[in-house]
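Worksheet: one structure, shown below.
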2 protein chains.
Amino acid sequence: MMAKTGTAVPWKQLLLDALDSNAHLKHSSFFQLATVGYNGRPSNRTLIFRGFQGDTDKIQIHTDSTSRKIDELKHCPFAEICWYFTESWEQFRIKGRIDIVDGSNPDPVNLQEREKSWFARSPRSRLLYLDPGHPLVDEESPKEVSIDPSAGPVDAFCLLVHDPEQVDYLNLKSNQRLTFTSRHKVNGDKWWTSEKINP
Amino acid sequence: MMAKTGTAVPWKQLLLDALDSNAHLKHSSFFQLATVGYNGRPSNRTLIFRGFQGDTDKIQIHTDSTSRKIDELKHCPFAEICWYFTESWEQFRIKGRIDIVDGSNPDPVNLQEREKSWFARSPRSRLLYLDPGHPLVDEESPKEVSIDPSAGPVDAFCLLVHDPEQVDYLNLKSNQRLTFTSRHKVNGDKWWTSEKINP
């Protein structure tokens with residue numbers, strides 16, 4: 001199945017391999033997400049990769065619905081992930097569009113994904129969405145658990161789904177650079193082409 | 001002198017301390033810079049910190065004058081640096097404006113800074129600006145030196161000077177969050193205020 005996905009989305013296997021070879025580093029799942037604010041100026045912050053959505057190429061992120069980036073994304077849904085792997089010296093720049101999935105999302109499939117994301121978190125880390133403030137690496141919270149582990153997502157819990165449109169890959173060890181571009185078929189399916197770039 | 005600078009620019013000492021405590025990691029000088037493209041969408045890439053300009057709070061970056069970010073910055077000079085220190089778990093988000101200093105810059109002080117930046121690089125790493133393509137971690141280039149080490153900057157060498165306006169600091173070990181905001185005095189001098197934020 002991995003191989004099948006890797007073929008359909010050629011950069012995904014590269015990313016899974018990078019995650020694998022950097023897995024011993026806690027920060028290997030951290031990337032920087034750039035968005036554009038109301039004033040037309042860029043914003044940039046570190047976020048945590050929460051996995052691909054099913055076997056698609058869509059990237060999941062968790063955030064608080066009261067955070068400023070939600071407002072920014074409502075205004076301009078485009079975002080670029082910059083993900084640098086410090087051990088393997090690989091950089092992925094992933095341009096795409098972000099869907100905001102909060103409790104009011106009209107799509108039942110989205111709501112199901114949000115619920116899956118909620119339960120994929122440790123009960124302790126779910127607590128963050130009950131508190132004001134939004135620490136970045138929330139697993140470090142020293143608070144005691146006081147949440148019903150079977151209770152579904154709270155209002156503040158928001159799933160962001162980043163749908164990649166273009167990926168720029170740079171490997172500084174092999175000095176290899178690749179650009180992946182998505183197209184849409186008539187039936188709406190996405191397919192990817194890749195191109196080797198002179199680094 | 002460090003202490004004096006630290007007082008005038010309260011976040012600078014925090015950043016110098018972070019650089020110090022992460023200095024054993026090659027990637028500690030890497031940050032992500034977000035800009036806005038012509039289409040109003042964000043871009044994000046990893047760049048290398050090349051030091052502060054003199055004893056100011058301005059951040060220097062080197063780049064090739066033919067890179068796409070130059071066009072983007074001419075269109076919109078605002079940029080946000082996101083700098084995550086993987087060892088000390090500190091994040092600096094630095095909003096500011098970027099000045100592009102290439103060989104045609106009318107300000108002799110800027111040109112002098114550009115020349116200083118050029119000579120601060122190893123002769124081998126200067127070669128990159130003679131070649132097409134712009135590897136990120138250019139010191140790794142396997143090419144042989146064939147440049148006159150006393151020759152000044154080539155046309156393609158460009159100094160970017162990021163002038164910070166707001167800094168958001170987050171320490172994930174101490175769970176401390178601070179926001180620093182700049183103001184300008186009547187005489188044009190910049191001064192900074194800081195505020196503790198509930199993380």
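Residue names in the structure tokens use chain letters A, B, ... in the order shown, residue numbers from 1 in each chain, and ligand numbers from 1 in the order shown.
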Exercise for review: Specify as a VMD selection string all residues of chain B found within 10 Å of chain A, counting only C-alpha atoms.
Suggested key: chain B and resid 25 to 28 30 to 37 40 to 46 76 to 87 89 91 to 97 132 to 138 140 to 141 168 170 to 173 175 to 177 197 to 199
Practice item. Write out as a ChimeraX atom specification the residues lying within 8 Å of Leu160 of chain B, counting only C-alpha atoms and excluding same-chain residues fewer than 4 positions away. Key: /B:60-63,98-101
Point to revise | alpha helix (DSSP H) per DSSP on the backbone: members of segment 17-175 of chain A, as number ranges by chain | key: A: 17-21, 68-75, 108-120, 123-126
Go ahead and save the residues from that selection, with C-alpha atoms, as a compact mmCIF listing (two decimals), in the first residue's frame.
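Contents of out-v1.txt, freshly written:
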```txt
# COMPACT_ATOMS: atom_id res chain seq x y z
CA ASP A 17 11.49 8.19 4.17
CA ALA A 18 12.70 11.51 5.62
CA LEU A 19 10.38 11.09 8.61
CA ASP A 20 11.71 7.60 9.06
CA SER A 21 15.39 8.52 8.94
CA ARG A 68 -4.89 33.92 14.86
CA LYS A 69 -3.96 31.62 11.99
CA ILE A 70 -7.60 30.53 11.69
CA ASP A 71 -8.60 34.12 10.93
CA GLU A 72 -5.74 34.42 8.50
CA LEU A 73 -6.68 31.20 6.72
CA LYS A 74 -10.32 32.26 6.45
CA HIS A 75 -9.08 35.39 4.70
CA PRO A 108 -19.65 14.37 7.72
CA VAL A 109 -16.40 12.85 6.39
CA ASN A 110 -14.49 15.90 7.63
CA LEU A 111 -16.19 15.69 11.01
CA GLN A 112 -15.21 12.05 11.24
CA GLU A 113 -11.58 12.93 10.47
CA ARG A 114 -11.68 15.60 13.16
CA GLU A 115 -12.98 13.05 15.67
CA LYS A 116 -10.29 10.53 14.66
CA SER A 117 -7.66 13.24 15.14
CA TRP A 118 -9.03 14.06 18.58
CA PHE A 119 -8.88 10.47 19.76
CA ALA A 120 -5.41 10.01 18.24
CA PRO A 123 -6.08 12.39 26.83
CA ARG A 124 -3.61 14.67 28.59
CA SER A 125 -2.81 16.58 25.41
CA ARG A 126 -6.54 17.04 24.72
```
Point to revise | Between atom CA of Arg50 of chain A and atom CA of Ser29 of chain A, distance in Å (one decimal) | key: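 It comes out at 8.0 Å.
Atom to atom, atom CA of Ser146 of chain A and atom CA of Leu127 of chain A stand 7.6 Å apart.
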**Study point:** Residue nearest Asp102 of chain A among A:Asp155, A:Ile48, A:His162, A:Asn22 (counting only C-alpha atoms)
**Key:**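 Among the listed residues, the smallest separation from Asp102 of chain A belongs to A:Asp155.
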**Study point:** Expected answer as a ChimeraX atom specification: strand (DSSP E or B) residues in segment 1-195 of chain B
**Key:** /B:30-36,42-48,52,59-64,78-85,90-101,157-171,176-184,190-195
Please write the residues from the selection above to a file, keeping C-alpha atoms, as a PDB file, in the first residue's frame.
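And here's selection_23.pdb as it stands now:
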```
ATOM      1  CA  PHE B  30      18.971  27.988   9.942  1.00  0.00           C
ATOM      2  CA  PHE B  31      15.587  29.670  10.032  1.00  0.00           C
ATOM      3  CA  GLN B  32      12.514  29.802   7.836  1.00  0.00           C
ATOM      4  CA  LEU B  33      11.624  33.045   6.082  1.00  0.00           C
ATOM      5  CA  ALA B  34       8.055  33.676   4.953  1.00  0.00           C
ATOM      6  CA  THR B  35       7.318  36.203   2.219  1.00  0.00           C
ATOM      7  CA  VAL B  36       4.345  36.978  -0.010  1.00  0.00           C
ATOM      8  CA  PRO B  42       2.840  32.873   0.964  1.00  0.00           C
ATOM      9  CA  SER B  43       6.284  31.430   0.292  1.00  0.00           C
ATOM     10  CA  ASN B  44       8.542  29.827   2.862  1.00  0.00           C
ATOM     11  CA  ARG B  45      12.145  28.612   2.714  1.00  0.00           C
ATOM     12  CA  THR B  46      15.100  27.792   4.933  1.00  0.00           C
ATOM     13  CA  LEU B  47      17.872  30.380   5.039  1.00  0.00           C
ATOM     14  CA  ILE B  48      21.054  30.914   7.014  1.00  0.00           C
ATOM     15  CA  PHE B  52      23.450  41.027  13.141  1.00  0.00           C
ATOM     16  CA  ILE B  59      19.461  40.470  10.707  1.00  0.00           C
ATOM     17  CA  GLN B  60      21.664  39.728   7.710  1.00  0.00           C
ATOM     18  CA  ILE B  61      20.958  37.075   5.070  1.00  0.00           C
ATOM     19  CA  HIS B  62      22.855  36.289   1.874  1.00  0.00           C
ATOM     20  CA  THR B  63      21.132  35.350  -1.334  1.00  0.00           C
ATOM     21  CA  ASP B  64      21.460  35.332  -5.089  1.00  0.00           C
ATOM     22  CA  PHE B  78       7.519  42.307   4.679  1.00  0.00           C
ATOM     23  CA  ALA B  79       8.796  38.986   5.950  1.00  0.00           C
ATOM     24  CA  GLU B  80       8.474  36.815   9.031  1.00  0.00           C
ATOM     25  CA  ILE B  81      11.360  34.735  10.262  1.00  0.00           C
ATOM     26  CA  CYS B  82      10.418  31.624  12.216  1.00  0.00           C
ATOM     27  CA  TRP B  83      13.427  30.259  14.063  1.00  0.00           C
ATOM     28  CA  TYR B  84      13.064  27.135  16.127  1.00  0.00           C
ATOM     29  CA  PHE B  85      15.982  25.998  18.263  1.00  0.00           C
ATOM     30  CA  GLU B  90      12.840  28.090  21.872  1.00  0.00           C
ATOM     31  CA  GLN B  91      10.949  29.710  19.024  1.00  0.00           C
ATOM     32  CA  PHE B  92      11.490  33.247  17.744  1.00  0.00           C
ATOM     33  CA  ARG B  93       8.966  34.679  15.316  1.00  0.00           C
ATOM     34  CA  ILE B  94      10.408  37.893  13.938  1.00  0.00           C
ATOM     35  CA  LYS B  95       8.215  40.172  11.832  1.00  0.00           C
ATOM     36  CA  GLY B  96       9.948  42.893   9.883  1.00  0.00           C
ATOM     37  CA  ARG B  97      10.829  44.542   6.618  1.00  0.00           C
ATOM     38  CA  ILE B  98      13.633  43.517   4.321  1.00  0.00           C
ATOM     39  CA  ASP B  99      16.036  45.824   2.504  1.00  0.00           C
ATOM     40  CA  ILE B 100      17.642  44.387  -0.608  1.00  0.00           C
ATOM     41  CA  VAL B 101      21.276  45.420  -0.890  1.00  0.00           C
ATOM     42  CA  PHE B 157      25.718  38.500  -4.494  1.00  0.00           C
ATOM     43  CA  CYS B 158      22.937  40.111  -2.580  1.00  0.00           C
ATOM     44  CA  LEU B 159      22.702  41.071   1.085  1.00  0.00           C
ATOM     45  CA  LEU B 160      19.252  41.057   2.651  1.00  0.00           C
ATOM     46  CA  VAL B 161      18.823  43.155   5.781  1.00  0.00           C
ATOM     47  CA  HIS B 162      15.808  42.225   7.880  1.00  0.00           C
ATOM     48  CA  ASP B 163      14.730  45.078  10.158  1.00  0.00           C
ATOM     49  CA  PRO B 164      12.636  43.562  12.991  1.00  0.00           C
ATOM     50  CA  GLU B 165       9.427  45.278  14.096  1.00  0.00           C
ATOM     51  CA  GLN B 166       7.896  42.630  16.326  1.00  0.00           C
ATOM     52  CA  VAL B 167       9.285  39.535  18.017  1.00  0.00           C
ATOM     53  CA  ASP B 168       7.292  36.730  19.553  1.00  0.00           C
ATOM     54  CA  TYR B 169       9.371  34.519  21.840  1.00  0.00           C
ATOM     55  CA  LEU B 170       8.264  31.129  23.131  1.00  0.00           C
ATOM     56  CA  ASN B 171      10.239  28.898  25.461  1.00  0.00           C
ATOM     57  CA  GLN B 176       7.420  31.327  28.928  1.00  0.00           C
ATOM     58  CA  ARG B 177       6.068  33.582  26.218  1.00  0.00           C
ATOM     59  CA  LEU B 178       7.102  37.168  25.536  1.00  0.00           C
ATOM     60  CA  THR B 179       6.144  39.654  22.853  1.00  0.00           C
ATOM     61  CA  PHE B 180       8.466  42.492  21.925  1.00  0.00           C
ATOM     62  CA  THR B 181       7.172  45.475  19.973  1.00  0.00           C
ATOM     63  CA  SER B 182       9.211  48.289  18.470  1.00  0.00           C
ATOM     64  CA  ARG B 183       8.346  51.966  18.396  1.00  0.00           C
ATOM     65  CA  HIS B 184      10.174  54.867  16.845  1.00  0.00           C
ATOM     66  CA  LYS B 190      13.883  52.533  17.523  1.00  0.00           C
ATOM     67  CA  TRP B 191      12.978  51.372  21.018  1.00  0.00           C
ATOM     68  CA  TRP B 192      11.413  48.169  22.240  1.00  0.00           C
ATOM     69  CA  THR B 193       8.743  47.300  24.760  1.00  0.00           C
ATOM     70  CA  SER B 194       8.120  43.787  26.021  1.00  0.00           C
ATOM     71  CA  GLU B 195       5.069  42.039  27.369  1.00  0.00           C
TER      72      GLU B 195
END
```
